[in-house]
Amino acid sequence: DFLLTKQTNKHMSDSSSSSSPAVGEEKKETPAVASSPELVVGTKVTPWDVEGVVDYDKLVKEFGSTPITPDLVERVERLTKRPAHPWLRRGLFFSHRELGLLLDHYEKGQPFYLYTGRGPSSDAMHLGHLIPFVFTKYLQEAFNVPLVIQMTDDEKFLWKPINQEKAHHYLRENVKDIIALGFDVKKTFIFSDMEYMGTMYPLVLRIQKMITTNQVKGIFGFTDSDNIGKFGFPAVQAAPSFPACFPQIFPTPEIQKITRCLIPCAIDQDPYFRMTRDVAPRLKLHKPSLIHSKFFPALQGFNTKMSASSTNSAIFLTDTPKQIRTKIGGAFSGGGDSKEHQQEFGANLDVDVPYAYLTFFLDDDAELKRIGDEYKAGRMLTGDVKKVLSEILIKLVQDHQKARAAVTEEVVDSFMKTFPH
């Protein structure tokens with residue numbers, strides 16, 4: 001959940017080449033830009049704004065990333081000796097950068113770690129915020145690797161009208177939601193930028209020295225009216241992509257030299273990490289690998305943005321069963337306007353939000369297919385689908401609330417203390 005700023009169309013190139021492993025790898029990377037052109041009329045994708053129904057095939061082509069193929073999913077299953085996560089099997093994580101190369105090194109016994117993050121901007125997280133963390137937990141368990149989670153309280157202080165105390169409060173509350181997902185404290189380090197900056201600062205400085213003001217303006221759309229903190233922040237978010245930021249986990253230069261990083265994120269963040277990948281070879285460091293997810297839609301439909309500040313756009317982890325049923329009841333549907341219309345013409349699954357949510361939260365592949373087939377054919381009504389989804393989400397949220405209640409301040413501290421190696 002990395003939040004950036006406004007749209008621009010200036011470029012920064014990734015000039016270095018990458019290796020080509022056995023499983024098909026990525027094309028030459030396109031320039032790091034903060035926005036993509038309209039993929040279809042009325043569609044816009046930037047690191048901080050998504051509008052319209054996205055054509056993911058065109059987006060992959062525009063960004064120059066590589067689609068995840070069945071062969072690559074099979075390779076992940078073979079290396080981990082476990083079934084792939086449903087989101088990987090179903091194509092919800094669908095694109096990557098040098099994942100095959102990272103797996104090549106993993107097969108040779110070389111280490112990697114996971115890096116993801118959250119910009120804490122509210123007391124409560126919503127279901128969309130959970131997507132990268134749930135998938136990252138699967139990756140951590142499947143590959144048995146360390147994980148670092150960056151909490152960008154500094155970013156929120158710079159971008160939002162909040163003080164440092166409020167940013168710190170949001171951070172602690174969001175960390176409780178993250179811990180409640182069941183991460184292993186022995187392999188997970190969660191850190192506040194404001195608290196951990198001393199350790200990261202030497203590498204942050206090296207990255208900052210590699211990027212000019214014009215490049216930052218071109219990538220992120222900063223203007224002369226923005227505070228100077230914003231200009232320096234991108235290097236802070238880039239730094240955890242490199243193991244030298246975590247000497248307590250990777251204690252020697254020799255270990256750091258062979259350790260790579262994998263970043264699970266939504267594809268709208270790809271331009272940001274293309275900047276990071278551009279800097280890496282000039283620092284004589286490994287480029288981070290990425291695995292991209294599709295977007296989690298707002299309840300009002302694919303043309304609206306899910307927001308932590310809009311309580312009706314999402315299912316929040318603090319919602320009651322009644323609130324969940326009400327919100328799902330009002331979710332945008334691709335079904336017919338009436339029972340007769342639905343039975344005659346069926347539902348348009350491509351725009352139906354309840355069905356889209358089922359693709360994320362209904363684990364049973366066969367049941368998901370059955371519901372999709374019945375709903376599309378008109379043999380299942382919108383209300384039936386919403387009822388199934390409501391019950392799934394009520395259980396998920398209630399289970400989460402129970403787990404979160406067990407996360408004390410001491411537990412938070414245990415995840416945020418220096419990672420034991």
# chains A, B, ... in the order shown; residues from 1 in each chain; ligands from 1
$ residues_around --residues "Met194 of chain A" --least-positions-apart "4" --cutoff "10 Å" --atoms "only C-alpha atoms" --output "list of chain:residue names"
A:Met151, A:Thr152, A:Asp153, A:Asp154, A:Glu155, A:Gln164, A:His168, A:Gly198
$ write_last_selection --atoms "C-alpha atoms" --output "PDB file, in the first residue's frame"
ATOM      1  CA  MET A 151       5.513   1.286   7.697  1.00  0.00           C
ATOM      2  CA  THR A 152       5.827   4.664   6.020  1.00  0.00           C
ATOM      3  CA  ASP A 153       4.758   6.935   8.864  1.00  0.00           C
ATOM      4  CA  ASP A 154       7.180   9.567   7.530  1.00  0.00           C
ATOM      5  CA  GLU A 155       5.392   9.578   4.169  1.00  0.00           C
ATOM      6  CA  GLN A 164       3.869  12.837  13.881  1.00  0.00           C
ATOM      7  CA  HIS A 168       2.613   6.953  14.940  1.00  0.00           C
ATOM      8  CA  GLY A 198      19.334   5.601  11.359  1.00  0.00           C
TER       9      GLY A 198
END
$ residues_around --residues "Val148 of chain A" --least-positions-apart "2" --cutoff "8 Å" --atoms "only C-alpha atoms" --output "mmCIF file with all heavy atoms, in the first residue's frame"
data_model
loop_
_atom_site.group_PDB
_atom_site.id
_atom_site.type_symbol
_atom_site.label_atom_id
_atom_site.label_comp_id
_atom_site.auth_asym_id
_atom_site.auth_seq_id
_atom_site.Cartn_x
_atom_site.Cartn_y
_atom_site.Cartn_z
ATOM 1 N N TYR A 113 14.697 -12.555 0.352
ATOM 2 C CA TYR A 113 13.742 -12.131 1.373
ATOM 3 C C TYR A 113 12.597 -11.396 0.701
ATOM 4 O O TYR A 113 12.678 -11.016 -0.479
ATOM 5 C CB TYR A 113 14.411 -11.265 2.443
ATOM 6 C CG TYR A 113 14.850 -9.897 1.972
ATOM 7 C CD1 TYR A 113 14.104 -8.751 2.253
ATOM 8 C CD2 TYR A 113 16.045 -9.731 1.262
ATOM 9 C CE1 TYR A 113 14.517 -7.493 1.833
ATOM 10 C CE2 TYR A 113 16.472 -8.483 0.836
ATOM 11 C CZ TYR A 113 15.702 -7.361 1.123
ATOM 12 O OH TYR A 113 16.108 -6.121 0.702
ATOM 13 N N LEU A 114 11.524 -11.198 1.455
ATOM 14 C CA LEU A 114 10.334 -10.518 0.967
ATOM 15 C C LEU A 114 10.259 -9.119 1.554
ATOM 16 O O LEU A 114 10.631 -8.897 2.715
ATOM 17 C CB LEU A 114 9.077 -11.298 1.362
ATOM 18 C CG LEU A 114 8.946 -12.700 0.763
ATOM 19 C CD1 LEU A 114 7.957 -13.528 1.576
ATOM 20 C CD2 LEU A 114 8.504 -12.625 -0.686
ATOM 21 N N TYR A 115 9.775 -8.193 0.759
ATOM 22 C CA TYR A 115 9.602 -6.813 1.207
ATOM 23 C C TYR A 115 8.244 -6.302 0.746
ATOM 24 O O TYR A 115 7.915 -6.368 -0.435
ATOM 25 C CB TYR A 115 10.732 -5.948 0.627
ATOM 26 C CG TYR A 115 10.496 -4.448 0.635
ATOM 27 C CD1 TYR A 115 9.883 -3.798 1.699
ATOM 28 C CD2 TYR A 115 10.924 -3.670 -0.440
ATOM 29 C CE1 TYR A 115 9.683 -2.427 1.687
ATOM 30 C CE2 TYR A 115 10.740 -2.294 -0.462
ATOM 31 C CZ TYR A 115 10.123 -1.673 0.605
ATOM 32 O OH TYR A 115 9.919 -0.316 0.593
ATOM 33 N N THR A 116 7.448 -5.849 1.685
ATOM 34 C CA THR A 116 6.200 -5.175 1.351
ATOM 35 C C THR A 116 5.995 -4.063 2.366
ATOM 36 O O THR A 116 6.837 -3.850 3.245
ATOM 37 C CB THR A 116 5.011 -6.153 1.307
ATOM 38 O OG1 THR A 116 3.881 -5.512 0.714
ATOM 39 C CG2 THR A 116 4.642 -6.655 2.699
ATOM 40 N N PRO A 146 12.847 -14.739 5.249
ATOM 41 C CA PRO A 146 12.544 -13.566 6.071
ATOM 42 C C PRO A 146 11.646 -12.586 5.325
ATOM 43 O O PRO A 146 11.592 -12.563 4.091
ATOM 44 C CB PRO A 146 13.926 -12.947 6.328
ATOM 45 C CG PRO A 146 14.925 -13.983 5.945
ATOM 46 C CD PRO A 146 14.271 -14.834 4.911
ATOM 47 N N GLN A 150 7.728 -2.415 5.709
ATOM 48 C CA GLN A 150 7.998 -1.001 5.941
ATOM 49 C C GLN A 150 6.700 -0.255 6.232
ATOM 50 O O GLN A 150 5.755 -0.285 5.442
ATOM 51 C CB GLN A 150 8.673 -0.388 4.707
ATOM 52 C CG GLN A 150 9.011 1.090 4.853
ATOM 53 C CD GLN A 150 9.563 1.684 3.569
ATOM 54 O OE1 GLN A 150 9.009 1.477 2.489
ATOM 55 N NE2 GLN A 150 10.657 2.418 3.680
ATOM 56 N N THR A 188 9.865 -12.196 10.786
ATOM 57 C CA THR A 188 9.205 -10.986 10.296
ATOM 58 C C THR A 188 9.667 -9.772 11.077
ATOM 59 O O THR A 188 9.594 -9.760 12.319
ATOM 60 C CB THR A 188 7.678 -11.111 10.422
ATOM 61 O OG1 THR A 188 7.240 -12.297 9.750
ATOM 62 C CG2 THR A 188 6.977 -9.904 9.822
ATOM 63 N N PHE A 189 10.132 -8.767 10.365
ATOM 64 C CA PHE A 189 10.551 -7.507 10.975
ATOM 65 C C PHE A 189 9.677 -6.386 10.422
ATOM 66 O O PHE A 189 9.661 -6.134 9.218
ATOM 67 C CB PHE A 189 12.029 -7.241 10.672
ATOM 68 C CG PHE A 189 12.528 -5.916 11.179
ATOM 69 C CD1 PHE A 189 12.216 -5.473 12.452
ATOM 70 C CD2 PHE A 189 13.326 -5.112 10.374
ATOM 71 C CE1 PHE A 189 12.687 -4.253 12.919
ATOM 72 C CE2 PHE A 189 13.798 -3.883 10.831
ATOM 73 C CZ PHE A 189 13.489 -3.457 12.103
ATOM 74 N N ILE A 190 8.908 -5.749 11.296
ATOM 75 C CA ILE A 190 8.067 -4.614 10.919
ATOM 76 C C ILE A 190 8.726 -3.360 11.470
ATOM 77 O O ILE A 190 9.073 -3.311 12.650
ATOM 78 C CB ILE A 190 6.647 -4.761 11.485
ATOM 79 C CG1 ILE A 190 6.027 -6.102 11.054
ATOM 80 C CG2 ILE A 190 5.765 -3.604 11.042
ATOM 81 C CD1 ILE A 190 4.663 -6.389 11.666
ATOM 82 N N PHE A 191 8.912 -2.353 10.615
ATOM 83 C CA PHE A 191 9.635 -1.184 11.086
ATOM 84 C C PHE A 191 8.975 0.119 10.666
ATOM 85 O O PHE A 191 8.359 0.228 9.614
ATOM 86 C CB PHE A 191 11.096 -1.212 10.605
ATOM 87 C CG PHE A 191 11.271 -1.172 9.112
ATOM 88 C CD1 PHE A 191 11.539 0.027 8.463
ATOM 89 C CD2 PHE A 191 11.195 -2.335 8.355
ATOM 90 C CE1 PHE A 191 11.717 0.073 7.089
ATOM 91 C CE2 PHE A 191 11.361 -2.301 6.982
ATOM 92 C CZ PHE A 191 11.619 -1.092 6.345
ATOM 93 N N PRO A 240 14.679 -0.415 1.306
ATOM 94 C CA PRO A 240 14.483 -1.777 1.809
ATOM 95 C C PRO A 240 14.525 -2.863 0.732
ATOM 96 O O PRO A 240 14.496 -4.052 1.068
ATOM 97 C CB PRO A 240 13.091 -1.707 2.455
ATOM 98 C CG PRO A 240 12.914 -0.270 2.811
ATOM 99 C CD PRO A 240 13.560 0.480 1.686
#
$ closest_residue --among "A:Leu299, A:Met275, A:Ile263, A:Val76" --to "Ile328 of chain A" --atoms "only C-alpha atoms"
A:Leu299
$ select_by_dssp --residues "segment 36-189 of chain A" --states "strand (DSSP E or B)" --output "PyMOL selection string"
chain A and resi 44-46+49-51+66-67+93-97+112-118+126+147-151+188-189
$ write_last_selection --atoms "C-alpha atoms" --output "short mmCIF file (atom, residue, chain, number, x, y, z; two decimals), in the first residue's frame"
data_model
loop_
_atom_site.label_atom_id
_atom_site.label_comp_id
_atom_site.auth_asym_id
_atom_site.auth_seq_id
_atom_site.Cartn_x
_atom_site.Cartn_y
_atom_site.Cartn_z
CA LYS A 44 -6.37 5.52 -16.01
CA VAL A 45 -3.73 3.73 -13.96
CA THR A 46 -1.22 5.57 -11.77
CA ASP A 49 -5.22 6.41 -8.70
CA VAL A 50 -7.03 3.71 -10.69
CA GLU A 51 -10.10 4.53 -12.75
CA THR A 66 6.05 -10.38 -18.00
CA PRO A 67 2.80 -12.38 -17.64
CA PHE A 93 -1.28 -12.20 -9.20
CA PHE A 94 -0.60 -12.14 -12.91
CA SER A 95 2.60 -10.32 -13.83
CA HIS A 96 6.20 -10.18 -12.66
CA ARG A 97 9.70 -8.86 -13.12
CA PHE A 112 16.10 -14.11 -0.81
CA TYR A 113 13.74 -12.13 1.37
CA LEU A 114 10.33 -10.52 0.97
CA TYR A 115 9.60 -6.81 1.21
CA THR A 116 6.20 -5.18 1.35
CA GLY A 117 4.75 -2.19 3.15
CA ARG A 118 1.88 -0.06 4.32
CA HIS A 126 -10.04 -2.61 4.79
CA LEU A 147 10.08 -10.72 5.56
CA VAL A 148 10.47 -7.00 6.13
CA ILE A 149 7.42 -4.73 6.31
CA GLN A 150 8.00 -1.00 5.94
CA MET A 151 5.51 1.29 7.70
CA THR A 188 9.21 -10.99 10.30
CA PHE A 189 10.55 -7.51 10.98
#
$ residues_around --residues "Phe231 of chain A" --least-positions-apart "2" --cutoff "8 Å" --atoms "only C-alpha atoms" --output "list in words"
Thr213, Val216, Phe222, Asn227, Ile228, Gly229, Phe233 and Pro234 of chain A
$ write_last_selection --atoms "N, CA and C atoms" --output "PDB file, in the first residue's frame"
ATOM      1  N   THR A 213      16.837  15.924  -9.199  1.00  0.00           N
ATOM      2  CA  THR A 213      15.546  16.562  -8.943  1.00  0.00           C
ATOM      3  C   THR A 213      14.637  16.463 -10.159  1.00  0.00           C
ATOM      4  N   VAL A 216      13.078  13.015 -10.290  1.00  0.00           N
ATOM      5  CA  VAL A 216      12.030  12.836  -9.289  1.00  0.00           C
ATOM      6  C   VAL A 216      10.762  13.576  -9.718  1.00  0.00           C
ATOM      7  N   PHE A 222       6.286  15.822  -8.728  1.00  0.00           N
ATOM      8  CA  PHE A 222       6.501  16.864  -7.738  1.00  0.00           C
ATOM      9  C   PHE A 222       6.691  18.217  -8.422  1.00  0.00           C
ATOM     10  N   ASN A 227       6.789  20.241  -0.469  1.00  0.00           N
ATOM     11  CA  ASN A 227       7.828  20.334   0.559  1.00  0.00           C
ATOM     12  C   ASN A 227       9.020  19.453   0.186  1.00  0.00           C
ATOM     13  N   ILE A 228      10.194  19.817   0.673  1.00  0.00           N
ATOM     14  CA  ILE A 228      11.412  19.129   0.244  1.00  0.00           C
ATOM     15  C   ILE A 228      11.459  17.695   0.753  1.00  0.00           C
ATOM     16  N   GLY A 229      10.682  17.387   1.795  1.00  0.00           N
ATOM     17  CA  GLY A 229      10.652  16.018   2.289  1.00  0.00           C
ATOM     18  C   GLY A 229      10.148  15.033   1.251  1.00  0.00           C
ATOM     19  N   PHE A 233      11.799  11.393  -0.186  1.00  0.00           N
ATOM     20  CA  PHE A 233      11.151  10.170   0.285  1.00  0.00           C
ATOM     21  C   PHE A 233      11.289   8.961  -0.641  1.00  0.00           C
ATOM     22  N   PRO A 234      11.195   9.091  -1.979  1.00  0.00           N
ATOM     23  CA  PRO A 234      11.278   7.888  -2.814  1.00  0.00           C
ATOM     24  C   PRO A 234      12.484   7.008  -2.526  1.00  0.00           C
TER      25      PRO A 234
END
$ closest_residue --among "A:Tyr357, A:Phe220, A:Tyr375, A:Tyr56" --to "Lys294 of chain A" --atoms "only C-alpha atoms"
A:Tyr56
$ closest_residue --among "A:Gly232, A:Val388, A:Thr326, A:Ala142" --to "Thr212 of chain A" --atoms "only C-alpha atoms"
A:Gly232
$ residues_around --residues "Pro111 of chain A" --least-positions-apart "4" --cutoff "9 Å" --atoms "only C-alpha atoms" --output "count of residues only"
8
$ select_by_dssp --residues "segment 9-237 of chain A" --states "alpha helix (DSSP H)" --output "number ranges by chain"
A: 56-63, 70-80, 86-89, 99-107, 127-143, 153-159, 164-179, 193-210, 213-220, 228-237
$ atom_distance --atom1 "atom CA of Asp55 of chain A" --atom2 "atom CA of Thr311 of chain A"
27.3 Å
$ residues_around --residues "Ala266 of chain A" --least-positions-apart "5" --cutoff "8 Å" --atoms "only C-alpha atoms" --output "list in words"
Pro132, His292, Ser293, Lys294 and Phe295 of chain A
$ atom_distance --atom1 "atom CA of Gln269 of chain A" --atom2 "atom CA of Ala356 of chain A"
21.2 Å
$ atom_distance --atom1 "atom CA of Gly64 of chain A" --atom2 "atom CA of Pro264 of chain A"
17.0 Å
$ residues_around --residues "Ala167 of chain A" --least-positions-apart "3" --cutoff "7 Å" --atoms "only C-alpha atoms" --output "PyMOL selection string"
chain A and resi 120+153+156-157+162-164+170-171
$ closest_residue --among "A:Thr359, A:Asn214, A:Gln140, A:Ser289" --to "Asp184 of chain A" --atoms "only C-alpha atoms"
A:Gln140
$ closest_residue --among "A:Lys369, A:Lys257, A:His129, A:Lys322" --to "Pro297 of chain A" --atoms "only C-alpha atoms"
A:His129
$ decode --residues "segment 345-359 of chain A" --atoms "all heavy atoms" --output "short mmCIF file (atom, residue, chain, number, x, y, z; two decimals), in the first residue's frame"
data_model
loop_
_atom_site.label_atom_id
_atom_site.label_comp_id
_atom_site.auth_asym_id
_atom_site.auth_seq_id
_atom_site.Cartn_x
_atom_site.Cartn_y
_atom_site.Cartn_z
N PHE A 345 -31.04 -13.27 -19.34
CA PHE A 345 -29.77 -12.82 -19.92
C PHE A 345 -28.54 -13.17 -19.06
O PHE A 345 -27.41 -13.12 -19.55
CB PHE A 345 -29.80 -11.30 -20.15
CG PHE A 345 -30.86 -10.86 -21.12
CD1 PHE A 345 -32.02 -10.27 -20.67
CD2 PHE A 345 -30.69 -11.07 -22.48
CE1 PHE A 345 -33.01 -9.87 -21.56
CE2 PHE A 345 -31.67 -10.67 -23.38
CZ PHE A 345 -32.82 -10.07 -22.92
N GLY A 346 -28.75 -13.51 -17.79
CA GLY A 346 -27.61 -13.83 -16.94
C GLY A 346 -26.83 -12.60 -16.51
O GLY A 346 -27.19 -11.46 -16.81
N ALA A 347 -25.75 -12.82 -15.79
CA ALA A 347 -24.95 -11.73 -15.21
C ALA A 347 -23.68 -11.52 -16.03
O ALA A 347 -23.13 -12.45 -16.62
CB ALA A 347 -24.59 -12.05 -13.77
N ASN A 348 -23.22 -10.28 -16.02
CA ASN A 348 -21.93 -9.94 -16.61
C ASN A 348 -20.89 -10.02 -15.50
O ASN A 348 -20.74 -9.11 -14.69
CB ASN A 348 -21.99 -8.53 -17.21
CG ASN A 348 -20.67 -8.11 -17.84
OD1 ASN A 348 -19.67 -8.83 -17.77
ND2 ASN A 348 -20.64 -6.94 -18.45
N LEU A 349 -20.14 -11.12 -15.48
CA LEU A 349 -19.18 -11.34 -14.40
C LEU A 349 -18.02 -10.36 -14.45
O LEU A 349 -17.35 -10.13 -13.43
CB LEU A 349 -18.65 -12.78 -14.46
CG LEU A 349 -19.68 -13.91 -14.37
CD1 LEU A 349 -18.98 -15.25 -14.29
CD2 LEU A 349 -20.61 -13.72 -13.17
N ASP A 350 -17.76 -9.77 -15.60
CA ASP A 350 -16.61 -8.88 -15.75
C ASP A 350 -16.77 -7.59 -14.95
O ASP A 350 -15.77 -6.94 -14.62
CB ASP A 350 -16.38 -8.53 -17.22
CG ASP A 350 -15.92 -9.72 -18.04
OD1 ASP A 350 -15.33 -10.65 -17.45
OD2 ASP A 350 -16.14 -9.73 -19.27
N VAL A 351 -18.01 -7.20 -14.65
CA VAL A 351 -18.22 -5.95 -13.91
C VAL A 351 -18.90 -6.18 -12.56
O VAL A 351 -19.16 -5.23 -11.83
CB VAL A 351 -19.07 -4.95 -14.74
CG1 VAL A 351 -18.37 -4.63 -16.05
CG2 VAL A 351 -20.48 -5.49 -15.00
N ASP A 352 -19.17 -7.42 -12.23
CA ASP A 352 -19.90 -7.75 -10.99
C ASP A 352 -18.95 -7.76 -9.80
O ASP A 352 -18.05 -8.60 -9.72
CB ASP A 352 -20.58 -9.11 -11.14
CG ASP A 352 -21.57 -9.37 -10.03
OD1 ASP A 352 -21.15 -9.91 -8.98
OD2 ASP A 352 -22.75 -9.03 -10.21
N VAL A 353 -19.14 -6.84 -8.88
CA VAL A 353 -18.24 -6.72 -7.73
C VAL A 353 -18.37 -7.90 -6.77
O VAL A 353 -17.34 -8.43 -6.33
CB VAL A 353 -18.46 -5.38 -7.00
CG1 VAL A 353 -17.69 -5.34 -5.68
CG2 VAL A 353 -18.02 -4.22 -7.89
N PRO A 354 -19.58 -8.35 -6.40
CA PRO A 354 -19.65 -9.51 -5.50
C PRO A 354 -18.92 -10.74 -6.05
O PRO A 354 -18.22 -11.43 -5.30
CB PRO A 354 -21.16 -9.75 -5.36
CG PRO A 354 -21.77 -8.41 -5.57
CD PRO A 354 -20.92 -7.77 -6.62
N TYR A 355 -19.05 -11.00 -7.35
CA TYR A 355 -18.34 -12.15 -7.90
C TYR A 355 -16.83 -11.91 -7.87
O TYR A 355 -16.05 -12.84 -7.59
CB TYR A 355 -18.80 -12.44 -9.32
CG TYR A 355 -18.11 -13.66 -9.90
CD1 TYR A 355 -18.50 -14.93 -9.52
CD2 TYR A 355 -17.06 -13.53 -10.80
CE1 TYR A 355 -17.86 -16.06 -10.01
CE2 TYR A 355 -16.41 -14.65 -11.30
CZ TYR A 355 -16.82 -15.92 -10.90
OH TYR A 355 -16.17 -17.03 -11.38
N ALA A 356 -16.42 -10.68 -8.15
CA ALA A 356 -14.98 -10.37 -8.08
C ALA A 356 -14.44 -10.62 -6.68
O ALA A 356 -13.35 -11.16 -6.51
CB ALA A 356 -14.74 -8.91 -8.50
N TYR A 357 -15.22 -10.27 -5.66
CA TYR A 357 -14.79 -10.52 -4.29
C TYR A 357 -14.70 -12.02 -4.01
O TYR A 357 -13.81 -12.46 -3.28
CB TYR A 357 -15.76 -9.86 -3.30
CG TYR A 357 -15.51 -8.38 -3.06
CD1 TYR A 357 -15.05 -7.54 -4.07
CD2 TYR A 357 -15.74 -7.82 -1.81
CE1 TYR A 357 -14.83 -6.19 -3.85
CE2 TYR A 357 -15.52 -6.46 -1.57
CZ TYR A 357 -15.08 -5.66 -2.60
OH TYR A 357 -14.87 -4.32 -2.37
N LEU A 358 -15.62 -12.78 -4.60
CA LEU A 358 -15.56 -14.23 -4.41
C LEU A 358 -14.28 -14.82 -5.00
O LEU A 358 -13.73 -15.78 -4.46
CB LEU A 358 -16.78 -14.91 -5.04
CG LEU A 358 -18.10 -14.79 -4.26
CD1 LEU A 358 -19.24 -15.41 -5.07
CD2 LEU A 358 -18.01 -15.45 -2.88
N THR A 359 -13.80 -14.26 -6.10
CA THR A 359 -12.55 -14.79 -6.68
C THR A 359 -11.38 -14.61 -5.73
O THR A 359 -10.41 -15.35 -5.79
CB THR A 359 -12.23 -14.12 -8.04
OG1 THR A 359 -11.96 -12.72 -7.83
CG2 THR A 359 -13.36 -14.28 -9.03
#
